[in-house]
Amino acid sequence: MSLLEIRDLEVSFNTPDGVVRAVRGLSFDLDRGKTLAIVGESGSGKSVSTQSLTGLSRGAHVTGSATFDGIDLLTADEHQLRGIRGARIGMIFQDPLSSLHPYYRVGWQIVEMIRAHDRSVSKRAARDRAAQLLSMVGIPHAKDRIGDFPHQFSGGMRQRVMIAMAMSVEPDLLIADEPTTALDVTVQAQVLAVMRKLQDEMGTAIILITHDLGVVAEMSDEIVVMYAGQVMERASRRDLFYRHHHPYTEGLLASLPAQGGKGTRLSPIKGTPPSSINPPDRCPFAPRCPYAFDKCWRENPLPRVVFGDPSHQSACWLSTDEATRREERARMVASKLSAEEPA
Amino acid sequence: MTRTTTAEGQGNTGSDEPLLRLRGVKKHFPVQSSALIRGEQEYVHAVDGVDLDVRRGETLGLVGETGCGKSTLARCIARLYDLTEGTIELDGRDISTLSRREMRPLRREIQMIFQDPYGSLNPRRRVGSIIGEPFAIHDIGSRRERKKQVQELMELVGLNPEHYNRFPADFSGGQRQRIGAARALALKPKMLVCDEPVSALDVSIQAQLINLLADLQDELGLTYVFITHDLSVVRHISDRIAVMYLGKVMEVAPVEELFETSRHPYTRALLSALPLPDPDLADRREQIILVGDMPTPVHPPSGCRFHTRCPKAQPDCAEVVPPLEKAKDDDSADHLTACLYPMDPDERLSRARATVADSEIVADDSALGGVS
């Protein structure tokens, strides 16, 4: 049995404008020591899906099942959730400044975290542990700095404090929601290295939520691509980058400024993402998809196995045969080129 | 793009003359609280001695991390800030000491696009009036002519001219950046200073805007100074790239030369930290993980500003300020590096050992696993 099993997760919100269907049918498994990345653009439902797991999405209507080590998180009561949240599922967020309390010293905040989950730890032991954790995440002179306030740390250091805090109780699962988005690349490299190192040492499973395909390529074992609240494609790291099936994945990768350099044109996805309010019953990507045909406008595809590989799923009506799909892509590229030539 | 003027090259006339020439540009901001406490005014050395040329029709990428002074430099170029020291020449004319009034006609030549598509447009004004504002300020054309010009601009940047009467709130982030671009282009500037114009956008929208900026450059012969922290974006659109660290240019070179044979250890570390959206490449490359954080620009380190974090710093790095010059004979005349010990292409920075006295943080790094 996997550490975390999500089945048909649906999250919706009632708003004055209508029902926002933020997540529509998310399923995945995650084992200990592995990293699953959830990728998507703004509003794709990637953050809401994990917030609903830990009961953090207030006012949401959640259905489906989410089994964490045998406990269904969606039906667990607040008392049970309290024991799991923080202690067994750690969380770090994009903005470390608003996640740390500005009035308390960081050492105190970590000690509080450790003792809130285990009262038998003495204050002194917890304090030593806090210093040890801070030096583990690469904060110089950790012993002296546990007495500092959050504002005395830089952005990268604060994020490392957050990681130290989340890892202080050795959770089984760490949910990292855009952990490095606000950071510079060299700091990002430091923070990602810390996460990898702690994962190796503690066998933590990580759900990494990000919009950065570069970070995904470096960190993940498996990748879920979301669009308009739905899973478009789910594949192992190499398959997603080199053998993707879904046109949205294809479009995302083609949008990236690649090694081409000046003079080469990027191929952006045309149009803009749809609203999640009362979505119509068709493929949500159809209006922007260069491959879309009549069936895409009539029926919303469910994820299905593609290329004969059970670990690779794609929610798309295009052929699941690898050779046929490759031919379709070649034809599409050719027709795009001939369309651009006269201009 | 392959003209051979170096940043030191001077006295050239005619079309080889760079459009913009910065010499010894400094911008210091007073630190507010310290004057009261210590009785001595302290300064943030945001930009601290930058020499750069921007050539006609090129895109100069300006990269660096938070706090390196790239945005301050951009604002100095657009004369939104007055310089503390140094000169900025536009078309051979020194604009750094011009008064507001004298500057006004020149404002047409340099325009700016800002990062935040939400903060840079007045939410209570209609798009047509936002884009047409430069015409009003410079008193160009009648009302009817202005409307026509605004609609042409909207078409140019890929907006529907019929949306002339809408408010910014009716547009998405990507469309707002197009509005910002249309406004910047209204007076047919020679140069656009783009401060992180695509950083707030999702990748698919970002690609649309990058293509638009490239098209506009081709059509209108624009010169860009393009500021970003995203190295893959800057690689895609620039002719040359200048790398900044703590208010100084560390290295400037043509794009491919910078990516293939960078000489400065900081450039090398920055490039190696860039996450690659390609698993096989990501697994193969050497990643240099820098230790510690950028020092404060109030008291920048002596000598080379990078020496406190440099994996190969030597004792004299802490004393001598390295000049920005050609580092090795193989480098093109356009490739300048400010480093006393420039790197060879196959040199492994992860094996380097710093011998500078105050780099004690290197020892702490062993806890982190050092270089991976």
# chains A, B, ... in the order shown; residues from 1 in each chain; ligands from 1
>>> residues_around(residues="region 91-104 of chain A", least_positions_apart="4", cutoff="7 Å", atoms="only C-alpha atoms", output="short mmCIF file (atom, residue, chain, number, x, y, z; two decimals) with N, CA and C atoms, in the first residue's frame")
data_model
loop_
_atom_site.label_atom_id
_atom_site.label_comp_id
_atom_site.auth_asym_id
_atom_site.auth_seq_id
_atom_site.Cartn_x
_atom_site.Cartn_y
_atom_site.Cartn_z
N GLY A 86 1.02 18.64 10.33
CA GLY A 86 2.22 19.10 11.02
C GLY A 86 3.08 17.94 11.46
N TRP A 108 12.33 29.76 19.07
CA TRP A 108 11.14 29.53 19.87
C TRP A 108 10.05 28.86 19.02
N GLN A 109 9.93 29.33 17.78
CA GLN A 109 8.87 28.79 16.91
C GLN A 109 9.13 27.32 16.58
N PHE A 149 14.92 37.05 15.11
CA PHE A 149 13.54 37.13 14.62
C PHE A 149 13.51 36.88 13.11
N PRO A 150 12.35 36.48 12.57
CA PRO A 150 12.28 36.18 11.14
C PRO A 150 12.80 37.30 10.24
N ARG A 158 14.85 32.22 5.35
CA ARG A 158 13.53 32.02 5.97
C ARG A 158 12.91 30.74 5.43
N GLN A 159 13.07 30.53 4.10
CA GLN A 159 12.49 29.32 3.54
C GLN A 159 13.18 28.10 4.14
N MET A 162 11.70 27.50 7.44
CA MET A 162 10.41 26.82 7.28
C MET A 162 10.61 25.32 7.06
N ILE A 163 11.60 25.00 6.23
CA ILE A 163 11.87 23.58 5.97
C ILE A 163 12.33 22.91 7.26
N ALA A 166 9.28 22.38 9.39
CA ALA A 166 8.42 21.31 8.89
C ALA A 166 9.05 19.95 9.14
N LEU A 174 5.85 15.56 3.03
CA LEU A 174 6.06 17.01 3.02
C LEU A 174 5.36 17.57 1.80
N ILE A 175 4.44 18.52 2.03
CA ILE A 175 3.79 19.19 0.91
C ILE A 175 4.47 20.54 0.72
N ALA A 176 5.13 20.71 -0.41
CA ALA A 176 5.87 21.95 -0.67
C ALA A 176 5.16 22.69 -1.80
N ASP A 177 4.50 23.79 -1.43
CA ASP A 177 3.70 24.53 -2.41
C ASP A 177 4.52 25.71 -2.94
N GLU A 178 5.04 25.58 -4.13
CA GLU A 178 5.91 26.60 -4.74
C GLU A 178 6.99 27.05 -3.77
N PRO A 179 7.79 26.10 -3.23
CA PRO A 179 8.71 26.48 -2.16
C PRO A 179 9.82 27.43 -2.60
N THR A 180 10.15 27.46 -3.88
CA THR A 180 11.30 28.26 -4.31
C THR A 180 10.91 29.35 -5.29
N THR A 181 9.62 29.57 -5.49
CA THR A 181 9.19 30.52 -6.52
C THR A 181 9.65 31.94 -6.22
N ALA A 182 9.69 32.30 -4.93
CA ALA A 182 10.05 33.67 -4.60
C ALA A 182 11.56 33.85 -4.48
#
>>> select_by_dssp(residues="region 48-219 of chain B", states="helix (DSSP H, G or I)", output="count of residues only")
79
>>> interface_residues(of="chain B", to="chain A", cutoff="9 Å", atoms="only C-alpha atoms", output="ChimeraX atom specification")
/B:64-66,172,174,201-208,210-211,214,229-230,232-239,255-256,269-280,282-283,287-293,361,364-369,372
>>> write_last_selection(atoms="C-alpha atoms", output="PDB file, in the first residue's frame")
ATOM      1  CA  GLY B  64      21.467  39.156 -11.550  1.00  0.00           C
ATOM      2  CA  GLU B  65      19.788  38.208  -8.331  1.00  0.00           C
ATOM      3  CA  THR B  66      17.610  40.227  -6.004  1.00  0.00           C
ATOM      4  CA  SER B 172      -5.645  39.338 -17.976  1.00  0.00           C
ATOM      5  CA  GLY B 174      -0.610  39.021 -20.232  1.00  0.00           C
ATOM      6  CA  LEU B 201       3.217  35.589 -16.241  1.00  0.00           C
ATOM      7  CA  ASP B 202       2.539  31.891 -16.754  1.00  0.00           C
ATOM      8  CA  VAL B 203       4.834  30.172 -19.245  1.00  0.00           C
ATOM      9  CA  SER B 204       2.378  29.952 -22.117  1.00  0.00           C
ATOM     10  CA  ILE B 205       1.483  33.642 -21.790  1.00  0.00           C
ATOM     11  CA  GLN B 206       5.133  34.543 -21.237  1.00  0.00           C
ATOM     12  CA  ALA B 207       5.997  32.965 -24.596  1.00  0.00           C
ATOM     13  CA  GLN B 208       3.346  35.065 -26.355  1.00  0.00           C
ATOM     14  CA  ILE B 210       8.411  37.324 -25.724  1.00  0.00           C
ATOM     15  CA  ASN B 211       7.406  36.734 -29.341  1.00  0.00           C
ATOM     16  CA  ALA B 214      10.823  40.236 -30.734  1.00  0.00           C
ATOM     17  CA  HIS B 229      16.431  37.085 -13.218  1.00  0.00           C
ATOM     18  CA  ASP B 230      15.342  34.311 -15.573  1.00  0.00           C
ATOM     19  CA  SER B 232      16.506  31.011 -19.949  1.00  0.00           C
ATOM     20  CA  VAL B 233      14.394  33.996 -21.015  1.00  0.00           C
ATOM     21  CA  VAL B 234      17.410  36.256 -21.304  1.00  0.00           C
ATOM     22  CA  ARG B 235      19.269  33.676 -23.342  1.00  0.00           C
ATOM     23  CA  HIS B 236      16.386  33.505 -25.744  1.00  0.00           C
ATOM     24  CA  ILE B 237      16.054  37.181 -26.465  1.00  0.00           C
ATOM     25  CA  SER B 238      19.431  38.863 -25.937  1.00  0.00           C
ATOM     26  CA  ASP B 239      22.371  39.630 -28.196  1.00  0.00           C
ATOM     27  CA  VAL B 255      24.987  35.295 -25.374  1.00  0.00           C
ATOM     28  CA  GLU B 256      26.433  32.040 -26.607  1.00  0.00           C
ATOM     29  CA  ALA B 269      27.488  29.455 -10.405  1.00  0.00           C
ATOM     30  CA  LEU B 270      24.471  31.377 -11.660  1.00  0.00           C
ATOM     31  CA  LEU B 271      24.272  29.336 -14.859  1.00  0.00           C
ATOM     32  CA  SER B 272      24.697  26.069 -13.013  1.00  0.00           C
ATOM     33  CA  ALA B 273      21.861  26.910 -10.625  1.00  0.00           C
ATOM     34  CA  LEU B 274      19.378  27.370 -13.469  1.00  0.00           C
ATOM     35  CA  PRO B 275      16.916  24.471 -13.316  1.00  0.00           C
ATOM     36  CA  LEU B 276      16.905  22.748 -16.705  1.00  0.00           C
ATOM     37  CA  PRO B 277      13.580  21.496 -18.040  1.00  0.00           C
ATOM     38  CA  ASP B 278      15.351  18.446 -19.411  1.00  0.00           C
ATOM     39  CA  PRO B 279      15.922  15.507 -17.025  1.00  0.00           C
ATOM     40  CA  ASP B 280      18.972  14.047 -18.791  1.00  0.00           C
ATOM     41  CA  ALA B 282      19.852  18.121 -15.380  1.00  0.00           C
ATOM     42  CA  ASP B 283      21.338  14.813 -14.221  1.00  0.00           C
ATOM     43  CA  GLN B 287      25.867  22.095 -10.103  1.00  0.00           C
ATOM     44  CA  ILE B 288      27.700  24.656  -8.014  1.00  0.00           C
ATOM     45  CA  ILE B 289      25.807  25.509  -4.875  1.00  0.00           C
ATOM     46  CA  LEU B 290      26.949  28.828  -3.486  1.00  0.00           C
ATOM     47  CA  VAL B 291      27.306  29.199   0.226  1.00  0.00           C
ATOM     48  CA  GLY B 292      25.565  31.867   2.250  1.00  0.00           C
ATOM     49  CA  ASP B 293      23.679  34.906   1.072  1.00  0.00           C
ATOM     50  CA  ILE B 361      31.361  29.828   5.684  1.00  0.00           C
ATOM     51  CA  ASP B 364      29.835  25.225   7.304  1.00  0.00           C
ATOM     52  CA  ASP B 365      28.876  24.050   3.878  1.00  0.00           C
ATOM     53  CA  SER B 366      30.136  20.537   4.548  1.00  0.00           C
ATOM     54  CA  ALA B 367      26.994  20.098   6.644  1.00  0.00           C
ATOM     55  CA  LEU B 368      24.969  20.746   3.539  1.00  0.00           C
ATOM     56  CA  GLY B 369      26.851  18.242   1.461  1.00  0.00           C
ATOM     57  CA  SER B 372      26.235  18.160  -5.573  1.00  0.00           C
TER      58      SER B 372
END
>>> residues_around(residues="Ala87 (chain A)", least_positions_apart="5", cutoff="10 Å", atoms="only C-alpha atoms", output="PDB file with N, CA and C atoms, in the first residue's frame")
ATOM      1  N   LEU A  81      -7.218  14.951  12.539  1.00  0.00           N
ATOM      2  CA  LEU A  81      -6.457  15.752  11.577  1.00  0.00           C
ATOM      3  C   LEU A  81      -5.324  16.508  12.260  1.00  0.00           C
ATOM      4  N   ARG A  82      -5.637  16.999  13.458  1.00  0.00           N
ATOM      5  CA  ARG A  82      -4.663  17.752  14.227  1.00  0.00           C
ATOM      6  C   ARG A  82      -3.421  16.926  14.504  1.00  0.00           C
ATOM      7  N   MET A 113       6.930  24.057  17.840  1.00  0.00           N
ATOM      8  CA  MET A 113       6.500  23.040  16.877  1.00  0.00           C
ATOM      9  C   MET A 113       6.828  21.640  17.398  1.00  0.00           C
ATOM     10  N   ILE A 114       8.074  21.469  17.877  1.00  0.00           N
ATOM     11  CA  ILE A 114       8.488  20.148  18.351  1.00  0.00           C
ATOM     12  C   ILE A 114       7.655  19.751  19.576  1.00  0.00           C
ATOM     13  N   ALA A 116       4.750  20.928  20.639  1.00  0.00           N
ATOM     14  CA  ALA A 116       3.306  20.826  20.420  1.00  0.00           C
ATOM     15  C   ALA A 116       2.928  19.406  20.020  1.00  0.00           C
ATOM     16  N   HIS A 117       3.849  18.741  19.346  1.00  0.00           N
ATOM     17  CA  HIS A 117       3.546  17.393  18.895  1.00  0.00           C
ATOM     18  C   HIS A 117       4.072  16.324  19.837  1.00  0.00           C
ATOM     19  N   ASP A 118       4.971  16.698  20.727  1.00  0.00           N
ATOM     20  CA  ASP A 118       5.495  15.726  21.683  1.00  0.00           C
ATOM     21  C   ASP A 118       5.892  16.451  22.961  1.00  0.00           C
ATOM     22  N   ALA A 166       9.282  22.378   9.394  1.00  0.00           N
ATOM     23  CA  ALA A 166       8.418  21.311   8.893  1.00  0.00           C
ATOM     24  C   ALA A 166       9.055  19.948   9.137  1.00  0.00           C
ATOM     25  N   MET A 167      10.393  19.883   9.011  1.00  0.00           N
ATOM     26  CA  MET A 167      11.060  18.598   9.149  1.00  0.00           C
ATOM     27  C   MET A 167      11.398  18.264  10.601  1.00  0.00           C
ATOM     28  N   SER A 168      11.161  19.208  11.532  1.00  0.00           N
ATOM     29  CA  SER A 168      11.580  19.012  12.914  1.00  0.00           C
ATOM     30  C   SER A 168      10.911  17.797  13.541  1.00  0.00           C
ATOM     31  N   VAL A 169       9.709  17.466  13.089  1.00  0.00           N
ATOM     32  CA  VAL A 169       9.016  16.325  13.679  1.00  0.00           C
ATOM     33  C   VAL A 169       9.065  15.124  12.743  1.00  0.00           C
ATOM     34  N   GLU A 170       9.974  15.164  11.770  1.00  0.00           N
ATOM     35  CA  GLU A 170      10.177  14.075  10.824  1.00  0.00           C
ATOM     36  C   GLU A 170       8.867  13.558  10.241  1.00  0.00           C
ATOM     37  N   PRO A 171       8.176  14.381   9.474  1.00  0.00           N
ATOM     38  CA  PRO A 171       6.913  13.953   8.897  1.00  0.00           C
ATOM     39  C   PRO A 171       7.123  12.876   7.837  1.00  0.00           C
ATOM     40  N   ASP A 172       6.070  12.096   7.582  1.00  0.00           N
ATOM     41  CA  ASP A 172       6.164  11.086   6.527  1.00  0.00           C
ATOM     42  C   ASP A 172       6.015  11.738   5.162  1.00  0.00           C
ATOM     43  N   LEU A 173       5.252  12.842   5.149  1.00  0.00           N
ATOM     44  CA  LEU A 173       4.957  13.488   3.874  1.00  0.00           C
ATOM     45  C   LEU A 173       5.189  14.986   4.014  1.00  0.00           C
TER      46      LEU A 173
END
>>> atom_distance(atom1="CA of Leu258 (chain B)", atom2="CA of Thr308 (chain B)")
22.9 Å
>>> atom_distance(atom1="CA of Thr249 (chain A)", atom2="CA of Phe28 (chain A)")
17.9 Å
>>> residues_around(residues="region 185-198 of chain B", least_positions_apart="2", cutoff="6 Å", atoms="only C-alpha atoms", output="list in words")
Arg108, Glu109, Ile110, Gln111, Met112, Ile113, Phe114, Gln115, Ala182, Arg183, Ala200, Leu201, Gln206, Leu222, Thr223, Tyr224, Val225, Phe226, Ile227 and Thr228 of chain B
>>> residues_around(residues="Arg305 (chain B)", least_positions_apart="4", cutoff="8 Å", atoms="only C-alpha atoms", output="VMD selection string")
chain B and resid 245 to 246 300 to 301
>>> select_by_dssp(residues="region 251-331 of chain A", states="strand (DSSP E)", output="PDB file with C-alpha atoms, in the first residue's frame")
ATOM      1  CA  ARG A 304      -6.493   6.606 -19.708  1.00  0.00           C
ATOM      2  CA  VAL A 305      -3.358   4.527 -20.150  1.00  0.00           C
ATOM      3  CA  VAL A 306      -1.280   5.527 -23.155  1.00  0.00           C
ATOM      4  CA  ASP A 309       2.549   1.817 -20.087  1.00  0.00           C
ATOM      5  CA  PRO A 310       0.235   1.571 -17.035  1.00  0.00           C
ATOM      6  CA  SER A 311       2.170   4.304 -15.217  1.00  0.00           C
ATOM      7  CA  HIS A 312       1.525   6.762 -18.029  1.00  0.00           C
ATOM      8  CA  GLN A 313      -1.944   8.297 -18.322  1.00  0.00           C
ATOM      9  CA  SER A 314      -3.343  11.069 -20.462  1.00  0.00           C
TER      10      SER A 314
END
